[in-house]
Amino acid sequence: MEKAIGTFGACRVLGKSRSTLHRQRNPKPPADPAERKEFRHPAELTRAEKEHVLAVLDSPRFADKAVAQVYTILLDEGTYLCSQATMHRLLRERGTSGERRAQATHPARKKPELLAAGPDQVWSWDITKLKGPARGIWYLLYVILDIYSRKVIHWEIWPTETGTLAKEFIQNAIAANGGVIPRAVHADRGTSMTSNTTALNFRDVCLLSGDSTGRSLSCMRPLRYASAAAGRLSGRRSGRAGPGGLAGRGPG
């Protein structure tokens, strides 16, 4: 087309600028890169000064201190080596720009486990709610059992939950077991289980440990919604009645 109608006509037909065509056909030769002189700041530290700054930072006096602390202490003593940014840059260039302060190390925490190889070694107790005779009325069932034999050592029913009742409940359980004291008593992290009244009275008797799993007393869960249990509770009366409801206790 260019030979037939010329360059101008071909550019008009194709809609292309002649200057663009000219630059594409006659590219400018690449310019030689100018040599860049290495620039050094007049206040740049010499190699000896850099080594001296790093030696001060690594000294036993400042080895576990942050850069800001080292900078401030030296200024208080009338010594100026360089700026904090320069200290950080020197440490970063050497690959030691991490945490310099002493870090506390703690051994891995092991979850406490209770193992029962026979009866009367580990007990587990819990408190669960039972339906009462009317809506909004609940009773609290205290149950303690031996996790090896699954025997119910003792149970009591009260209308409330306090540390004093928990202490008396464990005392009654030991008495119901013939005075035999287990090696450990397991419970969850309920308020009665962790109260000072309970913990201080039995710290010399047995180990009170707790978590929030509640697996050993999972058998109590169906009682919470059993309507038959509520019917029995509505007609039960005991000599130890608490305020606002009944209270009972069962033998071991």
# chains A, B, ... in the order shown; residues from 1 in each chain; ligands from 1
$ select_by_dssp --residues "range 94-133 of chain A" --states "strand (DSSP E)" --output "MDAnalysis selection string"
chainID A and resid 122:131
$ write_last_selection --atoms "N, CA and C atoms" --output "PDB file, in the first residue's frame"
ATOM      1  N   VAL A 122      -9.324 -42.151  93.851  1.00  0.00           N
ATOM      2  CA  VAL A 122      -9.733 -40.877  93.261  1.00  0.00           C
ATOM      3  C   VAL A 122     -11.254 -40.816  93.241  1.00  0.00           C
ATOM      4  N   TRP A 123     -11.786 -39.764  93.834  1.00  0.00           N
ATOM      5  CA  TRP A 123     -13.221 -39.499  93.780  1.00  0.00           C
ATOM      6  C   TRP A 123     -13.463 -38.314  92.857  1.00  0.00           C
ATOM      7  N   SER A 124     -14.683 -38.249  92.363  1.00  0.00           N
ATOM      8  CA  SER A 124     -15.094 -37.111  91.553  1.00  0.00           C
ATOM      9  C   SER A 124     -16.495 -36.700  91.978  1.00  0.00           C
ATOM     10  N   TRP A 125     -16.682 -35.403  92.125  1.00  0.00           N
ATOM     11  CA  TRP A 125     -17.998 -34.944  92.558  1.00  0.00           C
ATOM     12  C   TRP A 125     -18.435 -33.738  91.746  1.00  0.00           C
ATOM     13  N   ASP A 126     -19.751 -33.559  91.710  1.00  0.00           N
ATOM     14  CA  ASP A 126     -20.314 -32.472  90.926  1.00  0.00           C
ATOM     15  C   ASP A 126     -21.690 -32.126  91.483  1.00  0.00           C
ATOM     16  N   ILE A 127     -22.211 -31.013  91.010  1.00  0.00           N
ATOM     17  CA  ILE A 127     -23.528 -30.534  91.410  1.00  0.00           C
ATOM     18  C   ILE A 127     -24.341 -30.308  90.147  1.00  0.00           C
ATOM     19  N   THR A 128     -25.545 -30.848  90.101  1.00  0.00           N
ATOM     20  CA  THR A 128     -26.419 -30.658  88.956  1.00  0.00           C
ATOM     21  C   THR A 128     -27.807 -30.260  89.419  1.00  0.00           C
ATOM     22  N   LYS A 129     -28.557 -29.618  88.546  1.00  0.00           N
ATOM     23  CA  LYS A 129     -29.897 -29.149  88.877  1.00  0.00           C
ATOM     24  C   LYS A 129     -30.937 -30.204  88.521  1.00  0.00           C
ATOM     25  N   LEU A 130     -31.929 -30.337  89.398  1.00  0.00           N
ATOM     26  CA  LEU A 130     -33.052 -31.230  89.163  1.00  0.00           C
ATOM     27  C   LEU A 130     -34.336 -30.407  89.149  1.00  0.00           C
ATOM     28  N   LYS A 131     -35.271 -30.783  88.286  1.00  0.00           N
ATOM     29  CA  LYS A 131     -36.543 -30.082  88.208  1.00  0.00           C
ATOM     30  C   LYS A 131     -37.331 -30.251  89.500  1.00  0.00           C
TER      31      LYS A 131
END
$ closest_atom_pairs --of "range 23-66 of chain A" --to "range 90-98 of chain A" --cutoff "9 Å" --atoms "only C-alpha atoms" --output "Markdown table"
| residue | atom | partner | partner_atom | distance |
| --- | --- | --- | --- | --- |
| A:Lys50 | CA | A:Leu90 | CA | 7.4 |
| A:Val53 | CA | A:Leu90 | CA | 8.4 |
| A:Leu54 | CA | A:Leu90 | CA | 7.4 |
| A:Leu57 | CA | A:Leu91 | CA | 8.9 |
$ write_last_selection --atoms "C-alpha atoms" --output "mmCIF file, in the first residue's frame"
data_model
loop_
_atom_site.group_PDB
_atom_site.id
_atom_site.type_symbol
_atom_site.label_atom_id
_atom_site.label_comp_id
_atom_site.auth_asym_id
_atom_site.auth_seq_id
_atom_site.Cartn_x
_atom_site.Cartn_y
_atom_site.Cartn_z
ATOM 1 C CA LYS A 50 31.091 0.940 63.238
ATOM 2 C CA VAL A 53 29.495 0.806 68.145
ATOM 3 C CA LEU A 54 28.793 -2.906 67.674
ATOM 4 C CA LEU A 57 26.173 -2.946 71.944
#
$ atom_distance --atom1 "CA of Pro119 in chain A" --atom2 "CA of Asn172 in chain A"
18.0 Å
$ closest_residue --among "A:Arg89, A:His22, A:Arg12, A:Lys3" --to "Leu45 in chain A" --atoms "only C-alpha atoms"
A:Arg89
$ residues_around --residues "Ala43 in chain A" --least-positions-apart "3" --cutoff "10 Å" --atoms "only C-alpha atoms" --output "list in words"
Arg40, Thr46 and Cys82 of chain A
$ write_last_selection --atoms "C-alpha atoms" --output "PDB file, in the first residue's frame"
ATOM      1  CA  ARG A  40      29.476   9.014  51.006  1.00  0.00           C
ATOM      2  CA  THR A  46      34.186   4.734  59.409  1.00  0.00           C
ATOM      3  CA  CYS A  82      25.627   7.607  66.801  1.00  0.00           C
TER       4      CYS A  82
END
$ residues_around --residues "Arg100 in chain A" --least-positions-apart "2" --cutoff "9 Å" --atoms "only C-alpha atoms" --output "mmCIF file with C-alpha atoms, in the first residue's frame"
data_model
loop_
_atom_site.group_PDB
_atom_site.id
_atom_site.type_symbol
_atom_site.label_atom_id
_atom_site.label_comp_id
_atom_site.auth_asym_id
_atom_site.auth_seq_id
_atom_site.Cartn_x
_atom_site.Cartn_y
_atom_site.Cartn_z
ATOM 1 C CA ALA A 63 24.015 -7.126 75.650
ATOM 2 C CA ASP A 64 20.482 -7.589 77.046
ATOM 3 C CA LYS A 65 19.300 -3.999 76.712
ATOM 4 C CA ALA A 66 17.279 -2.395 73.954
ATOM 5 C CA VAL A 67 18.915 0.084 71.610
ATOM 6 C CA THR A 96 21.265 -9.354 64.957
ATOM 7 C CA SER A 97 18.371 -6.894 64.986
ATOM 8 C CA GLY A 98 15.982 -9.088 66.973
ATOM 9 C CA ALA A 102 16.241 -11.135 78.284
ATOM 10 C CA GLN A 103 13.062 -13.135 77.685
#
$ residues_around --residues "Val70 in chain A" --least-positions-apart "6" --cutoff "9 Å" --atoms "only C-alpha atoms" --output "VMD selection string"
chain A and resid 56 to 57 62 84
$ write_last_selection --atoms "N, CA and C atoms" --output "short mmCIF file (atom, residue, chain, number, x, y, z; two decimals), in the first residue's frame"
data_model
loop_
_atom_site.label_atom_id
_atom_site.label_comp_id
_atom_site.auth_asym_id
_atom_site.auth_seq_id
_atom_site.Cartn_x
_atom_site.Cartn_y
_atom_site.Cartn_z
N VAL A 56 30.26 -1.99 71.63
CA VAL A 56 29.55 -1.45 72.80
C VAL A 56 28.19 -2.11 72.97
N LEU A 57 27.48 -2.30 71.86
CA LEU A 57 26.17 -2.95 71.94
C LEU A 57 26.29 -4.39 72.40
N PHE A 62 25.56 -4.03 78.02
CA PHE A 62 24.42 -3.66 77.18
C PHE A 62 23.90 -4.82 76.33
N GLN A 84 20.11 6.40 67.19
CA GLN A 84 19.47 5.10 67.38
C GLN A 84 19.23 4.41 66.04
#
$ residues_around --residues "Tyr71 in chain A" --least-positions-apart "2" --cutoff "8 Å" --atoms "only C-alpha atoms" --output "list in words"
Val67, Ala68, Gln69, Ile73, Leu74, Leu75, Tyr80, Ser83 and Gln84 of chain A
$ write_last_selection --atoms "N, CA and C atoms" --output "PDB file, in the first residue's frame"
ATOM      1  N   VAL A  67      18.097  -0.984  72.185  1.00  0.00           N
ATOM      2  CA  VAL A  67      18.915   0.084  71.610  1.00  0.00           C
ATOM      3  C   VAL A  67      18.574   1.427  72.244  1.00  0.00           C
ATOM      4  N   ALA A  68      17.303   1.666  72.485  1.00  0.00           N
ATOM      5  CA  ALA A  68      16.904   2.932  73.095  1.00  0.00           C
ATOM      6  C   ALA A  68      17.496   3.077  74.496  1.00  0.00           C
ATOM      7  N   GLN A  69      17.556   1.980  75.251  1.00  0.00           N
ATOM      8  CA  GLN A  69      18.155   2.040  76.586  1.00  0.00           C
ATOM      9  C   GLN A  69      19.651   2.330  76.503  1.00  0.00           C
ATOM     10  N   ILE A  73      21.353   5.651  78.136  1.00  0.00           N
ATOM     11  CA  ILE A  73      22.359   5.513  79.194  1.00  0.00           C
ATOM     12  C   ILE A  73      23.660   6.194  78.796  1.00  0.00           C
ATOM     13  N   LEU A  74      24.066   5.995  77.548  1.00  0.00           N
ATOM     14  CA  LEU A  74      25.306   6.624  77.086  1.00  0.00           C
ATOM     15  C   LEU A  74      25.182   8.146  77.059  1.00  0.00           C
ATOM     16  N   LEU A  75      24.017   8.659  76.670  1.00  0.00           N
ATOM     17  CA  LEU A  75      23.828  10.107  76.682  1.00  0.00           C
ATOM     18  C   LEU A  75      23.892  10.655  78.104  1.00  0.00           C
ATOM     19  N   TYR A  80      28.237  10.108  73.113  1.00  0.00           N
ATOM     20  CA  TYR A  80      27.389   9.994  71.924  1.00  0.00           C
ATOM     21  C   TYR A  80      28.164   9.235  70.857  1.00  0.00           C
ATOM     22  N   SER A  83      23.315   7.822  66.182  1.00  0.00           N
ATOM     23  CA  SER A  83      21.874   7.862  66.437  1.00  0.00           C
ATOM     24  C   SER A  83      21.330   6.457  66.651  1.00  0.00           C
ATOM     25  N   GLN A  84      20.109   6.402  67.190  1.00  0.00           N
ATOM     26  CA  GLN A  84      19.466   5.102  67.384  1.00  0.00           C
ATOM     27  C   GLN A  84      19.227   4.410  66.039  1.00  0.00           C
TER      28      GLN A  84
END
